[in-house]
>>> print(open('run39.pdb').read())   # PDB, N, CA and C atoms, pLDDT in the B column
MODEL        1
ATOM      1  N   MET A   1     -16.756  -5.923  -6.144  1.00 45.00           N
ATOM      2  CA  MET A   1     -15.546  -5.803  -5.363  1.00 45.00           C
ATOM      3  C   MET A   1     -15.866  -5.114  -4.041  1.00 45.00           C
ATOM      4  N   MET A   2     -15.051  -5.362  -3.029  1.00 47.00           N
ATOM      5  CA  MET A   2     -15.235  -4.779  -1.714  1.00 47.00           C
ATOM      6  C   MET A   2     -14.934  -3.289  -1.751  1.00 47.00           C
ATOM      7  N   LYS A   3     -15.393  -2.585  -0.720  1.00 57.00           N
ATOM      8  CA  LYS A   3     -15.050  -1.170  -0.571  1.00 57.00           C
ATOM      9  C   LYS A   3     -13.536  -1.053  -0.523  1.00 57.00           C
ATOM     10  N   ASN A   4     -12.966  -0.181  -1.350  1.00 55.00           N
ATOM     11  CA  ASN A   4     -11.519  -0.046  -1.436  1.00 55.00           C
ATOM     12  C   ASN A   4     -10.854   0.307  -0.119  1.00 55.00           C
ATOM     13  N   GLU A   5     -11.454   1.201   0.674  1.00 61.00           N
ATOM     14  CA  GLU A   5     -10.818   1.622   1.916  1.00 61.00           C
ATOM     15  C   GLU A   5     -10.717   0.482   2.921  1.00 61.00           C
ATOM     16  N   ARG A   6     -11.616  -0.469   2.851  1.00 80.00           N
ATOM     17  CA  ARG A   6     -11.609  -1.599   3.787  1.00 80.00           C
ATOM     18  C   ARG A   6     -10.720  -2.745   3.291  1.00 80.00           C
ATOM     19  N   LEU A   7     -10.317  -2.669   2.074  1.00 88.00           N
ATOM     20  CA  LEU A   7      -9.509  -3.714   1.467  1.00 88.00           C
ATOM     21  C   LEU A   7      -8.116  -3.715   2.079  1.00 88.00           C
ATOM     22  N   LYS A   8      -7.643  -4.873   2.491  1.00 94.00           N
ATOM     23  CA  LYS A   8      -6.300  -4.982   3.044  1.00 94.00           C
ATOM     24  C   LYS A   8      -5.284  -4.857   1.920  1.00 94.00           C
ATOM     25  N   PHE A   9      -4.109  -4.366   2.276  1.00 95.00           N
ATOM     26  CA  PHE A   9      -3.036  -4.171   1.299  1.00 95.00           C
ATOM     27  C   PHE A   9      -2.741  -5.463   0.543  1.00 95.00           C
ATOM     28  N   GLU A  10      -2.579  -6.555   1.271  1.00 96.00           N
ATOM     29  CA  GLU A  10      -2.232  -7.834   0.641  1.00 96.00           C
ATOM     30  C   GLU A  10      -3.325  -8.309  -0.307  1.00 96.00           C
ATOM     31  N   THR A  11      -4.578  -8.104   0.073  1.00 96.00           N
ATOM     32  CA  THR A  11      -5.696  -8.490  -0.782  1.00 96.00           C
ATOM     33  C   THR A  11      -5.705  -7.660  -2.056  1.00 96.00           C
ATOM     34  N   ALA A  12      -5.484  -6.352  -1.898  1.00 97.00           N
ATOM     35  CA  ALA A  12      -5.447  -5.456  -3.052  1.00 97.00           C
ATOM     36  C   ALA A  12      -4.289  -5.828  -3.981  1.00 97.00           C
ATOM     37  N   LEU A  13      -3.140  -6.118  -3.399  1.00 96.00           N
ATOM     38  CA  LEU A  13      -1.973  -6.485  -4.203  1.00 96.00           C
ATOM     39  C   LEU A  13      -2.204  -7.797  -4.949  1.00 96.00           C
ATOM     40  N   ASN A  14      -2.813  -8.766  -4.276  1.00 97.00           N
ATOM     41  CA  ASN A  14      -3.123 -10.041  -4.938  1.00 97.00           C
ATOM     42  C   ASN A  14      -4.080  -9.835  -6.106  1.00 97.00           C
ATOM     43  N   ARG A  15      -5.098  -9.019  -5.895  1.00 97.00           N
ATOM     44  CA  ARG A  15      -6.060  -8.736  -6.972  1.00 97.00           C
ATOM     45  C   ARG A  15      -5.378  -8.015  -8.122  1.00 97.00           C
ATOM     46  N   LEU A  16      -4.500  -7.096  -7.781  1.00 97.00           N
ATOM     47  CA  LEU A  16      -3.760  -6.371  -8.807  1.00 97.00           C
ATOM     48  C   LEU A  16      -2.904  -7.335  -9.642  1.00 97.00           C
ATOM     49  N   GLU A  17      -2.282  -8.293  -8.991  1.00 97.00           N
ATOM     50  CA  GLU A  17      -1.496  -9.300  -9.711  1.00 97.00           C
ATOM     51  C   GLU A  17      -2.386 -10.127 -10.645  1.00 97.00           C
ATOM     52  N   GLU A  18      -3.590 -10.462 -10.180  1.00 97.00           N
ATOM     53  CA  GLU A  18      -4.539 -11.197 -11.025  1.00 97.00           C
ATOM     54  C   GLU A  18      -4.905 -10.376 -12.262  1.00 97.00           C
ATOM     55  N   ILE A  19      -5.145  -9.087 -12.048  1.00 97.00           N
ATOM     56  CA  ILE A  19      -5.522  -8.208 -13.158  1.00 97.00           C
ATOM     57  C   ILE A  19      -4.387  -8.110 -14.172  1.00 97.00           C
ATOM     58  N   VAL A  20      -3.181  -7.934 -13.686  1.00 97.00           N
ATOM     59  CA  VAL A  20      -2.017  -7.843 -14.591  1.00 97.00           C
ATOM     60  C   VAL A  20      -1.873  -9.128 -15.389  1.00 97.00           C
ATOM     61  N   ALA A  21      -1.990 -10.263 -14.722  1.00 96.00           N
ATOM     62  CA  ALA A  21      -1.873 -11.550 -15.420  1.00 96.00           C
ATOM     63  C   ALA A  21      -2.957 -11.683 -16.482  1.00 96.00           C
ATOM     64  N   ARG A  22      -4.158 -11.274 -16.132  1.00 96.00           N
ATOM     65  CA  ARG A  22      -5.278 -11.356 -17.090  1.00 96.00           C
ATOM     66  C   ARG A  22      -5.039 -10.458 -18.294  1.00 96.00           C
ATOM     67  N   LEU A  23      -4.588  -9.238 -18.032  1.00 95.00           N
ATOM     68  CA  LEU A  23      -4.320  -8.311 -19.145  1.00 95.00           C
ATOM     69  C   LEU A  23      -3.156  -8.793 -20.000  1.00 95.00           C
ATOM     70  N   GLU A  24      -2.132  -9.358 -19.365  1.00 95.00           N
ATOM     71  CA  GLU A  24      -0.981  -9.857 -20.123  1.00 95.00           C
ATOM     72  C   GLU A  24      -1.330 -11.074 -20.961  1.00 95.00           C
ATOM     73  N   SER A  25      -2.283 -11.870 -20.486  1.00 95.00           N
ATOM     74  CA  SER A  25      -2.654 -13.079 -21.221  1.00 95.00           C
ATOM     75  C   SER A  25      -3.554 -12.766 -22.412  1.00 95.00           C
ATOM     76  N   GLY A  26      -4.057 -11.552 -22.423  1.00 93.00           N
ATOM     77  CA  GLY A  26      -4.910 -11.136 -23.529  1.00 93.00           C
ATOM     78  C   GLY A  26      -6.373 -11.178 -23.153  1.00 93.00           C
ATOM     79  N   VAL A  27      -7.031 -10.087 -23.366  1.00 87.00           N
ATOM     80  CA  VAL A  27      -8.453  -9.978 -23.082  1.00 87.00           C
ATOM     81  C   VAL A  27      -9.160  -9.838 -24.419  1.00 87.00           C
ATOM     82  N   ASN A  28     -10.193 -10.624 -24.627  1.00 89.00           N
ATOM     83  CA  ASN A  28     -10.888 -10.634 -25.910  1.00 89.00           C
ATOM     84  C   ASN A  28     -11.727  -9.396 -26.157  1.00 89.00           C
ATOM     85  N   GLU A  29     -12.257  -8.807 -25.080  1.00 95.00           N
ATOM     86  CA  GLU A  29     -13.156  -7.668 -25.253  1.00 95.00           C
ATOM     87  C   GLU A  29     -12.515  -6.398 -24.716  1.00 95.00           C
ATOM     88  N   LEU A  30     -12.640  -5.346 -25.502  1.00 95.00           N
ATOM     89  CA  LEU A  30     -12.085  -4.057 -25.123  1.00 95.00           C
ATOM     90  C   LEU A  30     -12.718  -3.542 -23.834  1.00 95.00           C
ATOM     91  N   ASP A  31     -14.035  -3.687 -23.705  1.00 96.00           N
ATOM     92  CA  ASP A  31     -14.726  -3.217 -22.504  1.00 96.00           C
ATOM     93  C   ASP A  31     -14.183  -3.895 -21.247  1.00 96.00           C
ATOM     94  N   GLU A  32     -13.926  -5.197 -21.338  1.00 96.00           N
ATOM     95  CA  GLU A  32     -13.380  -5.931 -20.187  1.00 96.00           C
ATOM     96  C   GLU A  32     -11.980  -5.424 -19.860  1.00 96.00           C
ATOM     97  N   ALA A  33     -11.169  -5.190 -20.877  1.00 96.00           N
ATOM     98  CA  ALA A  33      -9.813  -4.688 -20.658  1.00 96.00           C
ATOM     99  C   ALA A  33      -9.845  -3.328 -19.972  1.00 96.00           C
ATOM    100  N   VAL A  34     -10.745  -2.466 -20.405  1.00 97.00           N
ATOM    101  CA  VAL A  34     -10.858  -1.133 -19.809  1.00 97.00           C
ATOM    102  C   VAL A  34     -11.304  -1.242 -18.352  1.00 97.00           C
ATOM    103  N   LYS A  35     -12.273  -2.103 -18.066  1.00 97.00           N
ATOM    104  CA  LYS A  35     -12.738  -2.288 -16.693  1.00 97.00           C
ATOM    105  C   LYS A  35     -11.617  -2.809 -15.797  1.00 97.00           C
ATOM    106  N   LEU A  36     -10.870  -3.766 -16.303  1.00 97.00           N
ATOM    107  CA  LEU A  36      -9.746  -4.301 -15.534  1.00 97.00           C
ATOM    108  C   LEU A  36      -8.686  -3.228 -15.294  1.00 97.00           C
ATOM    109  N   PHE A  37      -8.402  -2.444 -16.323  1.00 97.00           N
ATOM    110  CA  PHE A  37      -7.422  -1.377 -16.203  1.00 97.00           C
ATOM    111  C   PHE A  37      -7.877  -0.346 -15.159  1.00 97.00           C
ATOM    112  N   GLU A  38      -9.157   0.023 -15.190  1.00 98.00           N
ATOM    113  CA  GLU A  38      -9.692   0.978 -14.213  1.00 98.00           C
ATOM    114  C   GLU A  38      -9.594   0.420 -12.793  1.00 98.00           C
ATOM    115  N   GLU A  39      -9.962  -0.831 -12.621  1.00 97.00           N
ATOM    116  CA  GLU A  39      -9.883  -1.453 -11.300  1.00 97.00           C
ATOM    117  C   GLU A  39      -8.426  -1.499 -10.836  1.00 97.00           C
ATOM    118  N   GLY A  40      -7.543  -1.864 -11.738  1.00 98.00           N
ATOM    119  CA  GLY A  40      -6.120  -1.905 -11.407  1.00 98.00           C
ATOM    120  C   GLY A  40      -5.588  -0.544 -10.999  1.00 98.00           C
ATOM    121  N   SER A  41      -6.010   0.489 -11.684  1.00 98.00           N
ATOM    122  CA  SER A  41      -5.580   1.852 -11.343  1.00 98.00           C
ATOM    123  C   SER A  41      -6.034   2.236  -9.944  1.00 98.00           C
ATOM    124  N   ARG A  42      -7.273   1.892  -9.610  1.00 97.00           N
ATOM    125  CA  ARG A  42      -7.783   2.184  -8.260  1.00 97.00           C
ATOM    126  C   ARG A  42      -6.999   1.406  -7.202  1.00 97.00           C
ATOM    127  N   LEU A  43      -6.680   0.160  -7.509  1.00 97.00           N
ATOM    128  CA  LEU A  43      -5.928  -0.660  -6.558  1.00 97.00           C
ATOM    129  C   LEU A  43      -4.509  -0.125  -6.362  1.00 97.00           C
ATOM    130  N   ILE A  44      -3.891   0.351  -7.427  1.00 97.00           N
ATOM    131  CA  ILE A  44      -2.553   0.946  -7.316  1.00 97.00           C
ATOM    132  C   ILE A  44      -2.602   2.161  -6.393  1.00 97.00           C
ATOM    133  N   GLU A  45      -3.595   3.018  -6.588  1.00 97.00           N
ATOM    134  CA  GLU A  45      -3.739   4.194  -5.724  1.00 97.00           C
ATOM    135  C   GLU A  45      -3.932   3.776  -4.267  1.00 97.00           C
ATOM    136  N   LEU A  46      -4.765   2.776  -4.038  1.00 96.00           N
ATOM    137  CA  LEU A  46      -5.015   2.290  -2.691  1.00 96.00           C
ATOM    138  C   LEU A  46      -3.727   1.764  -2.058  1.00 96.00           C
ATOM    139  N   CYS A  47      -2.991   0.944  -2.791  1.00 97.00           N
ATOM    140  CA  CYS A  47      -1.741   0.382  -2.271  1.00 97.00           C
ATOM    141  C   CYS A  47      -0.726   1.487  -1.973  1.00 97.00           C
ATOM    142  N   GLN A  48      -0.615   2.450  -2.867  1.00 97.00           N
ATOM    143  CA  GLN A  48       0.318   3.560  -2.639  1.00 97.00           C
ATOM    144  C   GLN A  48      -0.068   4.349  -1.387  1.00 97.00           C
ATOM    145  N   LYS A  49      -1.374   4.587  -1.210  1.00 96.00           N
ATOM    146  CA  LYS A  49      -1.830   5.322  -0.031  1.00 96.00           C
ATOM    147  C   LYS A  49      -1.523   4.542   1.237  1.00 96.00           C
ATOM    148  N   LYS A  50      -1.800   3.253   1.225  1.00 95.00           N
ATOM    149  CA  LYS A  50      -1.534   2.440   2.410  1.00 95.00           C
ATOM    150  C   LYS A  50      -0.040   2.406   2.721  1.00 95.00           C
ATOM    151  N   LEU A  51       0.810   2.299   1.706  1.00 96.00           N
ATOM    152  CA  LEU A  51       2.258   2.308   1.929  1.00 96.00           C
ATOM    153  C   LEU A  51       2.724   3.653   2.483  1.00 96.00           C
ATOM    154  N   THR A  52       2.175   4.732   1.958  1.00 97.00           N
ATOM    155  CA  THR A  52       2.520   6.064   2.453  1.00 97.00           C
ATOM    156  C   THR A  52       2.097   6.218   3.907  1.00 97.00           C
ATOM    157  N   ASP A  53       0.904   5.733   4.243  1.00 96.00           N
ATOM    158  CA  ASP A  53       0.418   5.801   5.623  1.00 96.00           C
ATOM    159  C   ASP A  53       1.340   5.031   6.566  1.00 96.00           C
ATOM    160  N   VAL A  54       1.756   3.846   6.148  1.00 96.00           N
ATOM    161  CA  VAL A  54       2.645   3.036   6.979  1.00 96.00           C
ATOM    162  C   VAL A  54       4.007   3.718   7.120  1.00 96.00           C
ATOM    163  N   GLU A  55       4.508   4.267   6.044  1.00 96.00           N
ATOM    164  CA  GLU A  55       5.789   4.977   6.085  1.00 96.00           C
ATOM    165  C   GLU A  55       5.721   6.149   7.063  1.00 96.00           C
ATOM    166  N   THR A  56       4.620   6.886   7.034  1.00 97.00           N
ATOM    167  CA  THR A  56       4.432   8.014   7.949  1.00 97.00           C
ATOM    168  C   THR A  56       4.412   7.529   9.395  1.00 97.00           C
ATOM    169  N   LYS A  57       3.708   6.433   9.660  1.00 96.00           N
ATOM    170  CA  LYS A  57       3.665   5.884  11.020  1.00 96.00           C
ATOM    171  C   LYS A  57       5.054   5.478  11.488  1.00 96.00           C
ATOM    172  N   ILE A  58       5.809   4.825  10.614  1.00 95.00           N
ATOM    173  CA  ILE A  58       7.159   4.384  10.976  1.00 95.00           C
ATOM    174  C   ILE A  58       8.057   5.579  11.269  1.00 95.00           C
ATOM    175  N   GLU A  59       7.947   6.625  10.466  1.00 94.00           N
ATOM    176  CA  GLU A  59       8.742   7.833  10.699  1.00 94.00           C
ATOM    177  C   GLU A  59       8.386   8.469  12.038  1.00 94.00           C
ATOM    178  N   LYS A  60       7.090   8.517  12.371  1.00 93.00           N
ATOM    179  CA  LYS A  60       6.661   9.082  13.654  1.00 93.00           C
ATOM    180  C   LYS A  60       7.203   8.265  14.816  1.00 93.00           C
ATOM    181  N   ILE A  61       7.131   6.949  14.694  1.00 92.00           N
ATOM    182  CA  ILE A  61       7.641   6.071  15.744  1.00 92.00           C
ATOM    183  C   ILE A  61       9.144   6.264  15.897  1.00 92.00           C
ATOM    184  N   SER A  62       9.847   6.323  14.776  1.00 91.00           N
ATOM    185  CA  SER A  62      11.299   6.510  14.811  1.00 91.00           C
ATOM    186  C   SER A  62      11.670   7.838  15.458  1.00 91.00           C
ATOM    187  N   ARG A  63      10.940   8.902  15.111  1.00 89.00           N
ATOM    188  CA  ARG A  63      11.211  10.219  15.713  1.00 89.00           C
ATOM    189  C   ARG A  63      10.916  10.188  17.211  1.00 89.00           C
ATOM    190  N   SER A  64       9.836   9.521  17.578  1.00 88.00           N
ATOM    191  CA  SER A  64       9.461   9.426  18.979  1.00 88.00           C
ATOM    192  C   SER A  64      10.517   8.648  19.764  1.00 88.00           C
ATOM    193  N   ASP A  65      10.985   7.547  19.194  1.00 82.00           N
ATOM    194  CA  ASP A  65      12.036   6.747  19.836  1.00 82.00           C
ATOM    195  C   ASP A  65      13.324   7.553  19.968  1.00 82.00           C
ATOM    196  N   LYS A  66      13.661   8.290  18.925  1.00 81.00           N
ATOM    197  CA  LYS A  66      14.880   9.104  18.939  1.00 81.00           C
ATOM    198  C   LYS A  66      14.768  10.190  19.997  1.00 81.00           C
ATOM    199  N   ALA A  67      13.607  10.831  20.092  1.00 82.00           N
ATOM    200  CA  ALA A  67      13.392  11.875  21.091  1.00 82.00           C
ATOM    201  C   ALA A  67      13.478  11.293  22.494  1.00 82.00           C
ATOM    202  N   SER A  68      12.961  10.096  22.699  1.00 80.00           N
ATOM    203  CA  SER A  68      13.027   9.448  24.010  1.00 80.00           C
ATOM    204  C   SER A  68      14.468   9.150  24.387  1.00 80.00           C
ATOM    205  N   GLU A  69      15.248   8.700  23.440  1.00 77.00           N
ATOM    206  CA  GLU A  69      16.662   8.415  23.692  1.00 77.00           C
ATOM    207  C   GLU A  69      17.416   9.684  24.043  1.00 77.00           C
ATOM    208  N   ASP A  70      17.101  10.772  23.364  1.00 74.00           N
ATOM    209  CA  ASP A  70      17.795  12.037  23.587  1.00 74.00           C
ATOM    210  C   ASP A  70      17.473  12.646  24.942  1.00 74.00           C
ATOM    211  N   THR A  71      16.302  12.346  25.493  1.00 71.00           N
ATOM    212  CA  THR A  71      15.893  12.947  26.764  1.00 71.00           C
ATOM    213  C   THR A  71      15.979  11.975  27.925  1.00 71.00           C
ATOM    214  N   ASP A  72      16.437  10.768  27.696  1.00 64.00           N
ATOM    215  CA  ASP A  72      16.530   9.756  28.747  1.00 64.00           C
ATOM    216  C   ASP A  72      17.791  10.001  29.576  1.00 64.00           C
ATOM    217  N   PRO A  73      17.654  10.441  30.836  1.00 64.00           N
ATOM    218  CA  PRO A  73      18.830  10.727  31.650  1.00 64.00           C
ATOM    219  C   PRO A  73      19.590   9.477  32.072  1.00 64.00           C
ATOM    220  N   ASP A  74      18.936   8.320  32.023  1.00 64.00           N
ATOM    221  CA  ASP A  74      19.596   7.080  32.411  1.00 64.00           C
ATOM    222  C   ASP A  74      20.363   6.432  31.283  1.00 64.00           C
ATOM    223  N   ARG A  75      20.266   7.018  30.101  1.00 59.00           N
ATOM    224  CA  ARG A  75      20.933   6.453  28.930  1.00 59.00           C
ATOM    225  C   ARG A  75      22.438   6.626  29.100  1.00 59.00           C
ATOM    226  N   ASP A  76      23.189   5.567  28.795  1.00 60.00           N
ATOM    227  CA  ASP A  76      24.652   5.624  28.889  1.00 60.00           C
ATOM    228  C   ASP A  76      25.196   6.490  27.781  1.00 60.00           C
ATOM    229  N   GLU A  77      26.171   7.284  28.095  1.00 57.00           N
ATOM    230  CA  GLU A  77      26.841   8.101  27.079  1.00 57.00           C
ATOM    231  C   GLU A  77      27.807   7.226  26.310  1.00 57.00           C
ATOM    232  N   VAL A  78      27.972   7.471  25.058  1.00 50.00           N
ATOM    233  CA  VAL A  78      28.868   6.686  24.209  1.00 50.00           C
ATOM    234  C   VAL A  78      30.197   7.369  24.131  1.00 50.00           C
TER     235      VAL A  78
ENDMDL
END
>>> encode(input="run39.pdb", output="structure tokens")
Amino acid sequence: MMKNERLKFETALNRLEEIVARLESGVNELDEAVKLFEEGSRLIELCQKKLTDVETKIEKISRSDKASEDTDPDRDEV
């Protein structure tokens, strides 16, 4: 598998869906099931981190936009 940090969110999510489908369909070997579960756990952490990072960026942009609106002297009063 690729380095997790370089993995795109969509790629990680697609792989996670494959793992879930494989586990739900039944895995014949316990070792394979454990490996899939471990990989899935890492992918979940990666996806959560990427979503948190994006959420933080959006909040910063929103705060920056709000601050610009509040200090813009040309802005029409409501």
>>> atom_distance(input="run39.pdb", atom1="CA of Arg22 (chain A)", atom2="CA of Leu36 (chain A)")
8.5 Å
>>> closest_residue(input="run39.pdb", among="A:Ile19, A:Leu46, A:Asp70, A:Ile58", to="Val34 (chain A)", atoms="only C-alpha atoms")
A:Ile19
>>> closest_residue(input="run39.pdb", among="A:Glu59, A:Glu45, A:Glu32, A:Glu69", to="Phe9 (chain A)", atoms="only C-alpha atoms")
A:Glu45
>>> closest_residue(input="run39.pdb", among="A:Thr71, A:Thr11, A:Cys47, A:Phe37", to="Leu23 (chain A)", atoms="only C-alpha atoms")
A:Phe37
>>> closest_residue(input="run39.pdb", among="A:Leu7, A:Val27, A:Ile61, A:Leu16", to="Ser41 (chain A)", atoms="all atoms listed in the file")
A:Leu16
>>> atom_distance(input="run39.pdb", atom1="atom N of Lys50 (chain A)", atom2="atom N of Ala33 (chain A)")
25.4 Å
>>> atom_distance(input="run39.pdb", atom1="CA of Arg15 (chain A)", atom2="CA of Ile44 (chain A)")
10.3 Å
